[in-house]
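J.: Sending over protein.txt (compact mmCIF, C-alpha atoms).
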```txt
# COMPACT_ATOMS: atom_id res chain seq x y z
CA MET L 278 -28.20 23.61 -36.09
CA LYS L 279 -24.46 24.10 -36.47
CA LYS L 280 -24.42 25.66 -33.01
CA GLN L 281 -26.13 22.57 -31.61
CA TYR L 282 -23.51 20.29 -33.21
CA ALA L 283 -20.73 22.51 -31.89
CA ALA L 284 -22.22 22.44 -28.39
CA PHE L 285 -22.60 18.67 -28.55
CA ALA L 286 -19.02 18.26 -29.76
CA PHE L 287 -17.78 20.55 -26.99
CA ILE L 288 -19.64 18.61 -24.30
CA ALA L 289 -18.33 15.32 -25.73
CA MET L 290 -14.75 16.61 -25.72
CA VAL L 291 -15.04 17.88 -22.16
CA GLY L 292 -16.53 14.51 -21.16
CA VAL L 293 -13.65 12.60 -22.72
CA ALA L 294 -11.12 14.94 -21.12
CA LEU L 295 -12.73 14.58 -17.67
CA TYR L 296 -12.88 10.79 -17.99
CA GLY L 297 -9.13 10.72 -17.74
CA PHE L 298 -9.33 12.33 -14.31
CA LEU L 299 -11.93 9.99 -12.89
CA PRO L 300 -10.62 8.36 -9.75
CA SER L 301 -10.39 4.67 -10.32
CA GLU L 302 -8.41 1.75 -9.01
CA ASN L 303 -5.13 1.36 -10.83
CA THR L 304 -5.24 -1.32 -13.47
CA ALA L 305 -3.65 -4.66 -12.66
CA MET L 306 -0.01 -5.11 -13.47
CA ASP L 307 0.46 -6.16 -17.08
CA GLU L 308 1.14 -9.78 -16.29
CA LEU L 309 1.60 -12.13 -19.19
CA ALA L 310 -1.84 -13.51 -20.04
CA ILE L 311 -2.66 -17.21 -20.00
CA GLY L 312 -2.18 -18.45 -23.58
CA ALA L 313 0.41 -15.77 -24.40
CA GLN L 314 3.72 -16.69 -26.00
CA ALA L 315 6.83 -16.67 -23.82
CA PRO L 316 8.57 -13.34 -24.52
CA MET L 317 12.27 -12.79 -25.24
CA VAL L 318 12.99 -16.49 -25.66
CA ASP L 319 16.31 -15.78 -27.42
CA HIS L 320 17.49 -13.19 -24.90
CA GLU L 321 20.76 -14.34 -23.31
CA VAL L 322 21.16 -14.51 -19.54
CA GLU L 323 24.20 -15.51 -17.51
CA ASP L 324 23.81 -18.55 -15.32
CA VAL L 325 25.70 -19.07 -12.05
CA SER L 326 27.77 -21.70 -13.90
CA GLY L 327 29.03 -18.97 -16.23
CA GLU L 328 27.09 -20.39 -19.16
CA MET L 329 24.98 -18.08 -21.31
CA LEU L 330 21.41 -19.39 -21.57
CA THR L 331 18.16 -18.48 -23.28
CA LEU L 332 14.66 -19.58 -22.40
CA GLN L 333 14.53 -21.42 -25.70
CA LYS L 334 17.68 -23.37 -24.83
CA VAL L 335 16.36 -24.32 -21.39
CA ALA L 336 12.91 -25.40 -22.61
CA LYS L 337 12.35 -29.14 -23.16
CA GLU L 338 9.92 -31.20 -25.22
CA ASN L 339 6.93 -30.53 -22.95
CA GLY L 340 7.64 -26.93 -21.98
CA LEU L 341 9.42 -24.54 -19.67
CA LEU L 342 9.14 -23.48 -16.03
CA VAL L 343 10.39 -19.98 -15.16
CA ASN L 344 10.73 -18.94 -11.53
CA PHE L 345 11.55 -15.31 -10.73
CA SER L 346 13.50 -15.75 -7.53
CA CYS L 347 16.20 -14.00 -5.51
CA ASN L 348 18.57 -14.29 -2.55
CA THR L 349 17.14 -11.82 -0.06
CA CYS L 350 13.41 -12.51 0.14
CA PRO L 351 12.11 -14.43 3.17
CA TRP L 352 9.29 -15.86 1.07
CA VAL L 353 11.87 -17.42 -1.25
CA SER L 354 13.64 -18.87 1.79
CA ARG L 355 10.41 -20.40 3.05
CA TRP L 356 9.48 -21.92 -0.31
CA GLU L 357 13.01 -22.92 -1.24
CA ASP L 358 12.74 -26.45 0.18
CA ARG L 359 10.32 -27.14 -2.67
CA TYR L 360 12.57 -25.79 -5.44
CA ASN L 361 14.58 -28.96 -6.10
CA PRO L 362 11.68 -31.45 -5.78
CA ILE L 363 9.65 -29.34 -8.23
CA ALA L 364 12.59 -29.03 -10.64
CA GLU L 365 12.99 -32.80 -10.47
CA LEU L 366 9.29 -33.32 -11.13
CA ALA L 367 9.40 -30.92 -14.08
CA GLU L 368 12.48 -32.59 -15.58
CA GLU L 369 10.83 -36.01 -15.19
CA HIS L 370 7.91 -34.67 -17.20
CA GLY L 371 10.04 -33.18 -19.97
CA ILE L 372 9.80 -29.58 -18.78
CA GLY L 373 12.93 -27.41 -18.58
CA VAL L 374 13.47 -25.26 -15.47
CA ILE L 375 15.20 -21.94 -14.88
CA ALA L 376 15.23 -19.47 -12.00
CA LEU L 377 15.87 -15.82 -12.86
CA ASN L 378 17.00 -13.12 -10.47
CA PRO L 379 15.39 -9.78 -11.42
CA ASN L 380 16.46 -7.65 -8.41
CA THR L 381 18.50 -5.07 -10.35
CA ALA L 382 18.28 -2.24 -7.81
CA ILE L 383 20.00 -4.22 -5.05
CA ARG L 384 22.75 -6.05 -6.96
CA ASP L 385 25.25 -4.58 -4.49
CA ASP L 386 23.15 -5.64 -1.56
CA GLY L 387 22.94 -9.41 -1.78
CA GLU L 388 21.71 -9.93 -5.33
CA SER L 389 24.93 -9.98 -7.38
CA LEU L 390 25.91 -12.89 -9.59
CA GLU L 391 28.48 -13.85 -6.95
CA ASP L 392 25.76 -13.88 -4.30
CA MET L 393 23.61 -15.97 -6.61
CA LYS L 394 26.46 -18.46 -7.07
CA ALA L 395 26.82 -18.76 -3.31
CA ARG L 396 23.06 -19.25 -2.89
CA ALA L 397 22.85 -21.88 -5.62
CA GLU L 398 25.73 -23.76 -4.05
CA LYS L 399 24.44 -23.48 -0.50
CA SER L 400 20.94 -24.60 -1.48
CA ASN L 401 22.25 -27.16 -3.97
CA TYR L 402 20.11 -25.85 -6.83
CA GLN L 403 19.53 -28.58 -9.40
CA PHE L 404 18.51 -26.09 -12.10
CA PRO L 405 20.03 -23.00 -13.75
CA TYR L 406 19.90 -19.75 -11.76
CA ALA L 407 20.53 -16.81 -14.04
CA LEU L 408 20.85 -13.06 -13.75
CA ASP L 409 18.01 -11.08 -15.30
CA GLU L 410 20.12 -8.03 -16.05
CA GLY L 411 18.13 -4.79 -15.98
CA SER L 412 15.06 -6.86 -14.96
CA LYS L 413 14.33 -7.12 -18.69
CA LEU L 414 12.69 -10.54 -18.59
CA ALA L 415 10.71 -9.69 -15.45
CA THR L 416 9.43 -6.59 -17.24
CA ALA L 417 8.47 -8.59 -20.34
CA PHE L 418 6.69 -11.18 -18.19
CA GLY L 419 4.97 -8.58 -16.02
CA ALA L 420 6.37 -10.35 -12.98
CA THR L 421 5.86 -8.46 -9.72
CA ARG L 422 7.33 -10.47 -6.91
CA THR L 423 9.64 -13.26 -5.81
CA PRO L 424 8.94 -16.09 -6.07
CA HIS L 425 6.70 -15.71 -9.14
CA ILE L 426 6.05 -18.72 -11.35
CA TYR L 427 5.38 -18.99 -15.09
CA LEU L 428 4.79 -22.39 -16.75
CA PHE L 429 4.75 -22.77 -20.55
CA ASN L 430 3.67 -25.67 -22.74
CA LYS L 431 5.60 -27.21 -25.64
CA ASP L 432 4.50 -24.35 -27.91
CA MET L 433 5.82 -21.89 -25.32
CA GLU L 434 2.32 -20.68 -24.47
CA LEU L 435 1.65 -19.70 -20.86
CA VAL L 436 -0.49 -22.32 -19.13
CA TYR L 437 0.01 -21.47 -15.43
CA ARG L 438 1.26 -18.47 -13.48
CA GLY L 439 1.42 -17.47 -9.85
CA ALA L 440 2.26 -19.33 -6.67
CA ILE L 441 4.17 -22.56 -6.00
CA ASP L 442 1.50 -23.74 -3.57
CA ASP L 443 -0.78 -22.43 -0.85
CA ASN L 444 1.60 -22.64 2.10
CA ALA L 445 4.92 -20.83 2.01
CA ALA L 446 5.63 -21.52 5.65
CA SER L 447 5.42 -25.31 5.53
CA ALA L 448 5.76 -27.92 2.80
CA GLU L 449 3.95 -30.38 5.09
CA GLY L 450 1.04 -27.96 5.48
CA VAL L 451 0.38 -27.58 1.76
CA GLU L 452 -3.21 -28.29 0.78
CA GLN L 453 -3.04 -27.05 -2.81
CA PRO L 454 0.21 -27.90 -4.62
CA TYR L 455 -0.73 -25.63 -7.55
CA LEU L 456 2.51 -25.87 -9.50
CA LYS L 457 3.02 -29.62 -9.05
CA ASN L 458 -0.55 -30.20 -10.21
CA ALA L 459 -0.03 -27.90 -13.19
CA ILE L 460 3.18 -29.71 -14.21
CA LYS L 461 1.50 -33.12 -14.02
CA ALA L 462 -1.59 -31.91 -15.89
CA LEU L 463 0.55 -30.27 -18.59
CA ALA L 464 2.56 -33.43 -19.17
CA ALA L 465 -0.59 -35.57 -19.21
CA GLY L 466 -2.34 -33.23 -21.63
CA ASN L 467 -5.05 -32.45 -19.07
CA GLU L 468 -6.67 -29.13 -18.28
CA ILE L 469 -4.80 -27.03 -15.74
CA ASN L 470 -6.96 -25.73 -12.94
CA PRO L 471 -6.41 -23.16 -11.55
CA GLN L 472 -4.40 -21.46 -14.28
CA SER L 473 -3.60 -18.44 -12.16
CA THR L 474 -3.00 -18.03 -8.42
CA LYS L 475 -1.71 -15.33 -6.09
CA SER L 476 0.51 -15.34 -3.04
CA LEU L 477 2.33 -12.82 -0.90
CA GLY L 478 5.91 -12.15 -1.92
CA CYS L 479 8.69 -9.58 -2.10
CA THR L 480 8.39 -6.86 -4.71
CA ILE L 481 10.91 -7.07 -7.52
CA LYS L 482 13.58 -4.43 -7.02
CA TRP L 483 13.39 -2.70 -10.39
CA PRO L 484 16.20 -0.62 -11.94
CA GLU L 485 16.19 2.93 -10.53
CA MET T 229 17.71 -32.18 71.47
CA ILE T 230 13.96 -31.66 70.95
CA ILE T 231 14.66 -28.14 69.67
CA SER T 232 17.25 -29.52 67.29
CA ASN T 233 14.74 -32.02 65.84
CA LYS T 234 12.18 -29.23 65.33
CA ARG T 235 14.79 -27.13 63.57
CA LEU T 236 15.65 -30.13 61.41
CA GLU T 237 11.98 -30.63 60.50
CA ILE T 238 11.54 -26.97 59.62
CA GLY T 239 14.73 -27.04 57.59
CA LEU T 240 13.65 -30.14 55.70
CA PHE T 241 10.16 -28.72 55.08
CA ALA T 242 11.63 -25.46 53.74
CA THR T 243 14.05 -27.37 51.50
CA VAL T 244 11.24 -29.54 50.08
CA MET T 245 9.09 -26.44 49.45
CA ILE T 246 11.91 -24.66 47.67
CA LEU T 247 12.56 -27.72 45.51
CA LEU T 248 8.85 -28.07 44.70
CA MET T 249 8.66 -24.42 43.65
CA ALA T 250 11.13 -25.16 40.89
CA PHE T 251 8.55 -27.51 39.34
CA VAL T 252 5.57 -25.16 39.57
CA PRO T 253 4.61 -24.20 35.99
CA ILE T 254 4.94 -20.48 35.52
CA ASP T 255 2.41 -19.01 33.12
CA LEU T 256 4.42 -16.39 31.29
CA THR T 257 1.34 -15.05 29.57
CA HIS T 258 0.24 -13.62 32.90
CA GLN T 259 3.50 -11.83 33.34
CA LYS T 260 3.67 -10.47 29.83
CA GLU T 261 0.77 -10.10 27.45
CA SER T 262 0.72 -12.67 24.69
CA PRO T 263 1.34 -11.10 21.27
CA ALA T 264 -1.71 -12.93 19.88
CA SER T 265 -4.03 -11.13 22.31
CA ASP T 266 -2.57 -7.66 21.92
CA PRO T 267 -5.24 -5.18 20.79
CA LEU T 268 -2.60 -3.39 18.74
CA LEU T 269 -2.37 -6.35 16.34
CA LYS T 270 -5.55 -8.32 15.79
CA ASN T 271 -6.02 -11.30 13.50
CA VAL T 272 -8.01 -10.57 10.38
CA THR T 273 -9.32 -12.58 7.43
CA GLY T 274 -10.21 -11.14 4.05
CA SER T 275 -13.95 -11.00 4.74
CA GLU T 276 -13.46 -9.48 8.19
CA LEU T 277 -11.28 -6.80 6.65
CA GLN T 278 -14.04 -5.88 4.22
CA GLU T 279 -16.44 -5.34 7.13
CA ILE T 280 -13.89 -3.14 8.90
CA VAL T 281 -13.32 -1.03 5.78
CA ASP T 282 -17.07 -0.73 5.16
CA SER T 283 -17.60 0.55 8.71
CA TYR T 284 -15.76 3.76 7.79
CA GLN T 285 -17.91 4.53 4.74
CA GLY T 286 -19.49 7.97 5.03
CA LYS T 287 -17.22 8.78 8.00
CA LYS T 288 -13.57 8.64 7.03
CA ALA T 289 -11.30 8.01 4.08
CA VAL T 290 -9.34 4.76 4.45
CA LEU T 291 -5.74 3.91 3.62
CA ILE T 292 -5.01 0.19 3.67
CA ASN T 293 -1.32 -0.67 3.83
CA VAL T 294 -0.12 -4.28 3.78
CA TRP T 295 3.40 -4.56 5.16
CA ALA T 296 5.81 -6.99 6.80
CA THR T 297 8.81 -6.65 9.08
CA TRP T 298 11.05 -8.43 6.56
CA CYS T 299 10.01 -6.12 3.73
CA ALA T 300 12.57 -3.30 3.43
CA PRO T 301 10.42 -0.94 1.32
CA CYS T 302 7.51 -1.49 3.73
CA VAL T 303 9.65 -0.57 6.72
CA GLU T 304 10.96 2.47 4.86
CA GLU T 305 7.55 3.95 4.03
CA PHE T 306 5.89 2.99 7.33
CA PRO T 307 6.79 6.17 9.30
CA GLU T 308 5.42 8.30 6.46
CA ILE T 309 2.04 6.60 6.78
CA VAL T 310 2.05 7.03 10.56
CA LYS T 311 2.79 10.73 9.98
CA LEU T 312 -0.14 10.92 7.56
CA GLN T 313 -2.52 9.42 10.13
CA ARG T 314 -1.36 12.01 12.66
CA ALA T 315 -1.91 14.80 10.10
CA TYR T 316 -5.51 13.75 9.33
CA PRO T 317 -6.83 12.17 12.54
CA GLU T 318 -10.47 13.11 11.96
CA LYS T 319 -10.81 12.35 8.28
CA LEU T 320 -8.49 9.42 7.64
CA GLN T 321 -8.24 5.90 9.04
CA VAL T 322 -5.03 4.04 8.30
CA ILE T 323 -5.49 0.26 8.37
CA PHE T 324 -2.15 -1.47 8.66
CA ILE T 325 -2.13 -5.20 7.92
CA SER T 326 0.95 -7.22 8.68
CA GLY T 327 1.66 -9.99 6.19
CA ASP T 328 4.34 -11.49 8.41
CA PHE T 329 4.63 -15.22 9.00
CA PRO T 330 2.91 -16.31 12.24
CA ASP T 331 6.27 -16.95 13.90
CA ALA T 332 7.20 -13.28 13.36
CA ARG T 333 4.12 -11.89 15.09
CA ALA T 334 6.01 -10.70 18.17
CA ARG T 335 8.49 -8.95 15.90
CA ALA T 336 5.66 -7.19 14.07
CA LEU T 337 4.18 -6.08 17.38
CA ALA T 338 7.52 -4.76 18.60
CA PHE T 339 7.89 -2.81 15.35
CA LEU T 340 4.43 -1.23 15.75
CA LYS T 341 5.30 -0.14 19.27
CA LYS T 342 8.61 1.28 18.13
CA GLN T 343 6.77 3.26 15.47
CA GLU T 344 4.40 4.49 18.21
CA VAL T 345 1.31 3.22 16.46
CA ASP T 346 -1.51 3.67 18.96
CA TRP T 347 -4.52 2.41 17.03
CA THR T 348 -5.69 -1.10 16.15
CA THR T 349 -3.80 -2.77 13.33
CA TYR T 350 -4.24 -6.24 11.85
CA PHE T 351 -2.39 -9.48 11.23
CA LYS T 352 -3.25 -11.38 8.06
CA THR T 353 -4.56 -14.89 8.65
CA GLY T 354 -5.85 -17.54 6.30
CA ASP T 355 -5.22 -18.32 2.67
CA ASP T 356 -3.07 -15.89 0.66
CA GLN T 357 -5.21 -16.10 -2.47
CA GLU T 358 -8.47 -15.29 -0.70
CA PHE T 359 -6.88 -12.52 1.31
CA ILE T 360 -5.21 -10.86 -1.69
CA GLU T 361 -8.42 -10.95 -3.75
CA SER T 362 -10.43 -9.47 -0.90
CA VAL T 363 -8.00 -6.58 -0.45
CA SER T 364 -7.92 -5.83 -4.17
CA PRO T 365 -8.39 -7.85 -7.36
CA ASN T 366 -5.64 -5.70 -8.85
CA TRP T 367 -3.07 -6.73 -6.26
CA THR T 368 -0.71 -9.52 -7.34
CA GLY T 369 0.54 -10.19 -3.80
CA ALA T 370 3.81 -8.20 -3.83
CA LEU T 371 4.55 -6.16 -0.70
CA PRO T 372 4.12 -3.37 0.16
CA PHE T 373 0.61 -2.76 -1.14
CA SER T 374 -1.47 0.35 -0.54
CA LYS T 375 -5.07 1.20 -1.35
CA VAL T 376 -6.84 4.51 -0.73
CA ILE T 377 -10.62 4.56 -0.40
CA GLY T 378 -12.75 7.72 -0.40
CA ILE T 379 -15.26 8.65 2.28
CA ASP T 380 -17.92 7.59 -0.24
CA GLY T 381 -16.41 4.08 -0.35
CA GLU T 382 -15.00 4.43 -3.87
CA VAL T 383 -11.42 3.35 -4.52
CA VAL T 384 -9.20 6.34 -5.29
CA ALA T 385 -5.95 4.51 -6.01
CA SER T 386 -4.00 1.34 -5.30
CA TRP T 387 -0.43 0.34 -5.96
CA GLU T 388 2.36 -2.11 -5.25
CA GLN T 389 5.84 -0.85 -4.30
CA SER T 390 6.56 1.86 -1.72
CA ALA T 391 5.54 5.51 -1.96
CA THR T 392 6.53 8.92 -0.67
CA TYR T 393 4.55 11.02 1.81
CA THR T 394 3.65 13.32 -1.08
CA LYS T 395 2.09 10.49 -3.09
CA PHE T 396 0.16 9.13 -0.11
CA GLU T 397 -1.10 12.59 0.82
CA ARG T 398 -2.15 13.43 -2.73
CA HIS T 399 -4.43 10.39 -2.89
CA VAL T 400 -5.64 10.82 0.69
CA LYS T 401 -6.66 14.41 -0.01
CA THR T 402 -8.69 13.21 -2.99
CA ALA T 403 -10.25 10.49 -0.83
CA ILE T 404 -11.18 12.96 1.91
CA ASN T 405 -12.88 15.25 -0.57
CA GLN T 406 -15.05 12.48 -2.04
```
For this file, write the structure as structure tokens.

T.:
Amino acid sequence: MKKQYAAFAFIAMVGVALYGFLPSENTAMDELAIGAQAPMVDHEVEDVSGEMLTLQKVAKENGLLVNFSCNTCPWVSRWEDRYNPIAELAEEHGIGVIALNPNTAIRDDGESLEDMKARAEKSNYQFPYALDEGSKLATAFGATRTPHIYLFNKDMELVYRGAIDDNAASAEGVEQPYLKNAIKALAAGNEINPQSTKSLGCTIKWPE
Amino acid sequence: MIISNKRLEIGLFATVMILLMAFVPIDLTHQKESPASDPLLKNVTGSELQEIVDSYQGKKAVLINVWATWCAPCVEEFPEIVKLQRAYPEKLQVIFISGDFPDARARALAFLKKQEVDWTTYFKTGDDQEFIESVSPNWTGALPFSKVIGIDGEVVASWEQSATYTKFERHVKTAINQ
């Protein structure tokens, strides 16, 4: 009987060990889940104005909009004409806005704070644009690309994440203004649908 | 005098013809193949891509790579993937999909030619969300994206960010042996 138990235990152990080698699709990136609390809200980041900010400081009575953005991604360039109108809409609805630059690996190649200052000035950003040093916030959020949107409610719970809308190439061609709809629904206390969307974008250039 | 008039008529006729030729519309597509019709870069939707991938089941392992001309890490790893296709011509099918904007199609085509790609590749069309989900539910949309599928149709691995030849080959070898 003992031999049987031993054999069973051995087979079970081998099974468990082999399970780890089973070929399977890699798990999805650990993106912040809908309903999750905003992480690192007291972590200080330097804005292009020179001011030190935290997510908590930027948030307003109805919530916070975080946009992981950068200077060198063509997708950002295409969507950028919607940055200020969306920031304005968010502010009107009592939602604070901040863009964060997580591209640590290419700070010397167009993504420095100086480059960010130039970009904010050139594009007349009407919202803070801060350096995510060491991509720490992007890591905590599970962000993967630029632009990548995260919208939080007044309790700093994630209510929407993903794309700005369904047409990077043309603001006029947008059929689904996901983020605008989410902002309006959040402020009105309505259900946000969809809560999560995907779009093509540039990978975040993580620290090497 | 009669000869002079004839010469004048011929001269006038030739002048008019030359002037008219300037207004004849020249169809450039006949002189140079339109990028949209090039067999090297065909339009593809998410559902069409699934059919293409399925057609290799039981025959070849598949490596899907979504890239774009503006994506530096994509451009960097691209030659490694071409090299991999050349190394395993019988057992692997590389499916390149360009995620470029429509106005950069010609640029994508020029890049493929420069890389000496000589098999059909694809150009993403349609909605991002639908396309991304059809390629992989685990893909968030960041480029580059790669997915390796075994001969049996099972997914071996998928990842965002670029990779080395060694990483690609390791997964491809697993896929070929499935």

J.: Once you count all atoms listed in the file, which residues of chain T turn out to be within 8 Å of chain L? Could you give them as a PDB file with C-alpha atoms, in the frame of the given file?

T.:
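Below is the file result_22.pdb, written as the result:
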```pdb
ATOM      1  CA  TRP T 298      11.050  -8.430   6.560  1.00  0.00           C
ATOM      2  CA  CYS T 299      10.010  -6.120   3.730  1.00  0.00           C
ATOM      3  CA  GLY T 327       1.660  -9.990   6.190  1.00  0.00           C
ATOM      4  CA  PHE T 329       4.630 -15.220   9.000  1.00  0.00           C
ATOM      5  CA  ASP T 355      -5.220 -18.320   2.670  1.00  0.00           C
ATOM      6  CA  ASP T 356      -3.070 -15.890   0.660  1.00  0.00           C
ATOM      7  CA  GLN T 357      -5.210 -16.100  -2.470  1.00  0.00           C
ATOM      8  CA  ILE T 360      -5.210 -10.860  -1.690  1.00  0.00           C
ATOM      9  CA  PRO T 365      -8.390  -7.850  -7.360  1.00  0.00           C
ATOM     10  CA  ASN T 366      -5.640  -5.700  -8.850  1.00  0.00           C
ATOM     11  CA  TRP T 367      -3.070  -6.730  -6.260  1.00  0.00           C
ATOM     12  CA  THR T 368      -0.710  -9.520  -7.340  1.00  0.00           C
ATOM     13  CA  GLY T 369       0.540 -10.190  -3.800  1.00  0.00           C
ATOM     14  CA  ALA T 370       3.810  -8.200  -3.830  1.00  0.00           C
ATOM     15  CA  LEU T 371       4.550  -6.160  -0.700  1.00  0.00           C
ATOM     16  CA  PRO T 372       4.120  -3.370   0.160  1.00  0.00           C
ATOM     17  CA  GLU T 382     -15.000   4.430  -3.870  1.00  0.00           C
ATOM     18  CA  VAL T 383     -11.420   3.350  -4.520  1.00  0.00           C
ATOM     19  CA  VAL T 384      -9.200   6.340  -5.290  1.00  0.00           C
ATOM     20  CA  ALA T 385      -5.950   4.510  -6.010  1.00  0.00           C
ATOM     21  CA  SER T 386      -4.000   1.340  -5.300  1.00  0.00           C
ATOM     22  CA  TRP T 387      -0.430   0.340  -5.960  1.00  0.00           C
ATOM     23  CA  GLU T 388       2.360  -2.110  -5.250  1.00  0.00           C
ATOM     24  CA  GLN T 389       5.840  -0.850  -4.300  1.00  0.00           C
TER      25      GLN T 389
END
```

J.: Rounded to one decimal place, report the atom CA of T:Glu358-atom CA of L:Ala310 distance in Å.

T.: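 Result for atom CA of T:Glu358 versus atom CA of L:Ala310: 20.5 Å, one decimal.
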
J.: Which is closest to T:Glu361 among T:Gln278, T:Tyr393, T:Arg335, T:Asn405, if we use all atoms listed in the file?

T.: T:Gln278

J.: With all atoms listed in the file as the atoms that count, which of L:Lys431, L:Arg396, L:Lys413, L:Lys334 lies nearest to L:Val318?

T.: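 Smallest distance to L:Val318 is found for L:Lys334.
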
J.: List the neighbours of T:Gln313 out to 8 Å using all atoms listed in the file; skip same-chain residues closer than 5 positions along the sequence, and give me the result as a PyMOL selection string.

T.: chain T and resi 320-322

J.: For stretch 306-325 of chain T, I'd like the enclosing box, axis-aligned and padded by 4 Å on every side, reported as lines of an AutoDock Vina configuration file with centre and edge lengths in Å to one decimal.

T.:
```
center_x = -2.0
center_y = 4.8
center_z = 9.6
size_x = 25.6
size_y = 28.0
size_z = 14.2
```

J.: At what distance in Å, to one decimal, does atom CA of T:Asn271 lie from atom CA of T:Asp331?

T.: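 Rounded to one decimal, the two atoms are 13.5 Å apart.
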
J.: So the first atom is atom CA of T:Glu279 and the second is atom CA of T:Pro267; what is the distance between them in Å, to one decimal place?

T.: 17.7 Å

J.: Just the residues within 9 Å of T:Thr353, please, counting only C-alpha atoms, with nothing from its chain fewer than 5 positions along; format it as a tab-separated table (two decimals) with C-alpha atoms, in the coordinates of the input.

T.:
```tsv
chain	number	residue	atom	x	y	z
T	271	ASN	CA	-6.02	-11.30	13.50
T	272	VAL	CA	-8.01	-10.57	10.38
T	273	THR	CA	-9.32	-12.58	7.43
T	274	GLY	CA	-10.21	-11.14	4.05
T	327	GLY	CA	1.66	-9.99	6.19
T	330	PRO	CA	2.91	-16.31	12.24
T	359	PHE	CA	-6.88	-12.52	1.31
```

J.: Quick one: everything within 12 Å of L:Glu365, counting all atoms listed in the file, minus sequence neighbours fewer than 2 positions away in the same chain. Send it as a PDB file with C-alpha atoms, in the frame of the given file.

T.:
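Everything below was put into out_0.pdb:
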```pdb
ATOM      1  CA  LEU L 342       9.140 -23.480 -16.030  1.00  0.00           C
ATOM      2  CA  ARG L 359      10.320 -27.140  -2.670  1.00  0.00           C
ATOM      3  CA  TYR L 360      12.570 -25.790  -5.440  1.00  0.00           C
ATOM      4  CA  ASN L 361      14.580 -28.960  -6.100  1.00  0.00           C
ATOM      5  CA  PRO L 362      11.680 -31.450  -5.780  1.00  0.00           C
ATOM      6  CA  ILE L 363       9.650 -29.340  -8.230  1.00  0.00           C
ATOM      7  CA  ALA L 367       9.400 -30.920 -14.080  1.00  0.00           C
ATOM      8  CA  GLU L 368      12.480 -32.590 -15.580  1.00  0.00           C
ATOM      9  CA  GLU L 369      10.830 -36.010 -15.190  1.00  0.00           C
ATOM     10  CA  HIS L 370       7.910 -34.670 -17.200  1.00  0.00           C
ATOM     11  CA  GLY L 371      10.040 -33.180 -19.970  1.00  0.00           C
ATOM     12  CA  ILE L 372       9.800 -29.580 -18.780  1.00  0.00           C
ATOM     13  CA  GLY L 373      12.930 -27.410 -18.580  1.00  0.00           C
ATOM     14  CA  VAL L 374      13.470 -25.260 -15.470  1.00  0.00           C
ATOM     15  CA  ILE L 375      15.200 -21.940 -14.880  1.00  0.00           C
ATOM     16  CA  TYR L 402      20.110 -25.850  -6.830  1.00  0.00           C
ATOM     17  CA  GLN L 403      19.530 -28.580  -9.400  1.00  0.00           C
ATOM     18  CA  PHE L 404      18.510 -26.090 -12.100  1.00  0.00           C
ATOM     19  CA  LYS L 457       3.020 -29.620  -9.050  1.00  0.00           C
ATOM     20  CA  ILE L 460       3.180 -29.710 -14.210  1.00  0.00           C
TER      21      ILE L 460
END
```

J.: For a quick check of understanding, using all atoms listed in the file, which of L:Pro316, L:Gly466, L:Pro454, L:Gly387 has the smallest distance to L:Leu332?

T.: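 Of all the options, L:Pro316 lies closest to L:Leu332.
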